[in-house]
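Just upload.cif here, mmCIF, C-alpha atoms; chains and numbers go by the auth columns:
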data_run
#
loop_
_atom_site.group_PDB
_atom_site.id
_atom_site.type_symbol
_atom_site.label_atom_id
_atom_site.label_comp_id
_atom_site.label_asym_id
_atom_site.label_seq_id
_atom_site.Cartn_x
_atom_site.Cartn_y
_atom_site.Cartn_z
_atom_site.B_iso_or_equiv
_atom_site.auth_seq_id
_atom_site.auth_asym_id
ATOM 1 C CA MET A 1 110.249 81.169 91.770 0.00 1 A
ATOM 2 C CA ALA A 2 107.640 80.271 94.405 0.00 2 A
ATOM 3 C CA VAL A 3 108.964 82.987 96.735 0.00 3 A
ATOM 4 C CA ALA A 4 108.732 85.590 93.962 0.00 4 A
ATOM 5 C CA LYS A 5 105.127 84.581 93.206 0.00 5 A
ATOM 6 C CA GLU A 6 104.197 84.801 96.886 0.00 6 A
ATOM 7 C CA ASP A 7 105.835 88.229 97.176 0.00 7 A
ATOM 8 C CA GLU A 8 103.848 89.406 94.139 0.00 8 A
ATOM 9 C CA ARG A 9 100.608 88.030 95.604 0.00 9 A
ATOM 10 C CA ARG A 10 101.262 89.820 98.914 0.00 10 A
ATOM 11 C CA SER A 11 101.992 93.066 97.086 0.00 11 A
ATOM 12 C CA GLN A 12 98.753 92.750 95.119 0.00 12 A
ATOM 13 C CA MET A 13 96.765 92.046 98.294 0.00 13 A
ATOM 14 C CA LYS A 14 98.313 95.093 99.969 0.00 14 A
ATOM 15 C CA ASP A 15 97.312 97.224 96.959 0.00 15 A
ATOM 16 C CA PHE A 16 93.796 95.780 97.018 0.00 16 A
ATOM 17 C CA GLN A 17 93.446 96.511 100.752 0.00 17 A
ATOM 18 C CA ARG A 18 94.581 100.094 100.133 0.00 18 A
ATOM 19 C CA PHE A 19 91.974 100.395 97.354 0.00 19 A
ATOM 20 C CA ILE A 20 89.215 99.199 99.707 0.00 20 A
ATOM 21 C CA ILE A 21 90.297 101.531 102.516 0.00 21 A
ATOM 22 C CA ASP A 22 90.630 104.573 100.247 0.00 22 A
ATOM 23 C CA ARG A 23 87.730 104.077 97.829 0.00 23 A
ATOM 24 C CA VAL A 24 84.785 102.524 99.685 0.00 24 A
ATOM 25 C CA PHE A 25 82.749 105.474 100.905 0.00 25 A
ATOM 26 C CA GLU A 26 79.465 103.731 101.719 0.00 26 A
ATOM 27 C CA ILE A 27 77.889 100.276 101.559 0.00 27 A
ATOM 28 C CA GLU A 28 74.129 99.789 101.701 0.00 28 A
ATOM 29 C CA ALA A 29 71.542 97.143 100.936 0.00 29 A
ATOM 30 C CA THR A 30 69.064 98.110 98.196 0.00 30 A
ATOM 31 C CA LYS A 31 66.298 96.338 96.275 0.00 31 A
ATOM 32 C CA GLU A 32 68.806 95.659 93.473 0.00 32 A
ATOM 33 C CA GLY A 33 71.522 94.259 95.734 0.00 33 A
ATOM 34 C CA THR A 34 74.429 95.669 97.715 0.00 34 A
ATOM 35 C CA ARG A 35 75.410 99.178 96.613 0.00 35 A
ATOM 36 C CA ILE A 36 79.036 100.214 97.123 0.00 36 A
ATOM 37 C CA ASP A 37 79.856 103.899 96.668 0.00 37 A
ATOM 38 C CA LEU A 38 83.401 104.160 95.283 0.00 38 A
ATOM 39 C CA GLY A 39 83.466 107.945 95.388 0.00 39 A
ATOM 40 C CA PRO A 40 84.097 110.686 92.833 0.00 40 A
ATOM 41 C CA LEU A 41 86.105 110.457 89.639 0.00 41 A
ATOM 42 C CA ALA A 42 89.507 112.172 89.798 0.00 42 A
ATOM 43 C CA ASP A 43 88.984 114.018 86.518 0.00 43 A
ATOM 44 C CA ASP A 44 85.283 114.814 87.080 0.00 44 A
ATOM 45 C CA PRO A 45 84.443 115.210 90.788 0.00 45 A
ATOM 46 C CA LYS A 46 80.810 115.951 89.885 0.00 46 A
ATOM 47 C CA LYS A 47 80.462 112.257 88.951 0.00 47 A
ATOM 48 C CA SER A 48 80.882 109.277 91.284 0.00 48 A
ATOM 49 C CA VAL A 49 81.098 105.539 90.727 0.00 49 A
ATOM 50 C CA GLU A 50 78.989 102.890 92.383 0.00 50 A
ATOM 51 C CA ALA A 51 79.123 99.119 92.190 0.00 51 A
ATOM 52 C CA ILE A 52 75.932 97.102 92.528 0.00 52 A
ATOM 53 C CA VAL A 53 76.513 93.495 93.635 0.00 53 A
ATOM 54 C CA LYS A 54 73.404 91.597 92.618 0.00 54 A
ATOM 55 C CA GLU A 55 72.024 88.428 94.193 0.00 55 A
ATOM 56 C CA ASP A 56 73.389 86.344 91.295 0.00 56 A
ATOM 57 C CA ASP A 57 76.875 87.738 92.176 0.00 57 A
ATOM 58 C CA HIS A 58 76.907 89.828 88.989 0.00 58 A
ATOM 59 C CA VAL A 59 78.509 93.252 89.529 0.00 59 A
ATOM 60 C CA GLU A 60 77.486 96.395 87.656 0.00 60 A
ATOM 61 C CA LEU A 61 79.425 99.663 87.721 0.00 61 A
ATOM 62 C CA ARG A 62 77.487 102.908 87.286 0.00 62 A
ATOM 63 C CA LEU A 63 78.131 106.634 87.242 0.00 63 A
ATOM 64 C CA PHE A 64 75.940 108.976 89.268 0.00 64 A
ATOM 65 C CA ASP A 65 75.923 112.666 90.142 0.00 65 A
ATOM 66 C CA THR A 66 77.995 113.364 93.251 0.00 66 A
ATOM 67 C CA LYS A 67 75.920 114.575 96.184 0.00 67 A
#
Would you mind writing the structure in this file as structure tokens?
Amino acid sequence: MAVAKEDERRSQMKDFQRFIIDRVFEIEATKEGTRIDLGPLADDPKKSVEAIVKEDDHVELRLFDTK
């Protein structure tokens, strides 16, 4: 059971690493906090997603027009 849980955790970490490598396009400091550009939506490439990590560790997701 413990081995199966560890294998699942490793698989999830591998998937998360792939997400970070594939989806983080830009990271920058702003007045609001750290802005992370997650790139365009698959079904609407004219829109992109950004995450704002605020100083209180709250995270907001927002849509914006793709450049």
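Put simply, the PyMOL selection byres ((chain A and resi 35-50) around 9) on this file hits Ile20, Asp22, Arg23, Val24, Phe25, Glu26, Ile27, Glu28, Ala29, Thr30, Glu32, Gly33, Thr34, Ala51, Ile52, Val53, Lys54, Glu60, Leu61, Arg62, Leu63, Phe64, Asp65, Thr66 and Lys67 of chain A.
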CA of Asp57 (chain A) to CA of Gln12 (chain A), distance in Å rounded to a single decimal: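 Going from CA of Asp57 (chain A) over to CA of Gln12 (chain A), I get 22.6 Å.
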Atom pair CA of Lys31 (chain A) + CA of Phe19 (chain A), distance 26.0 Å
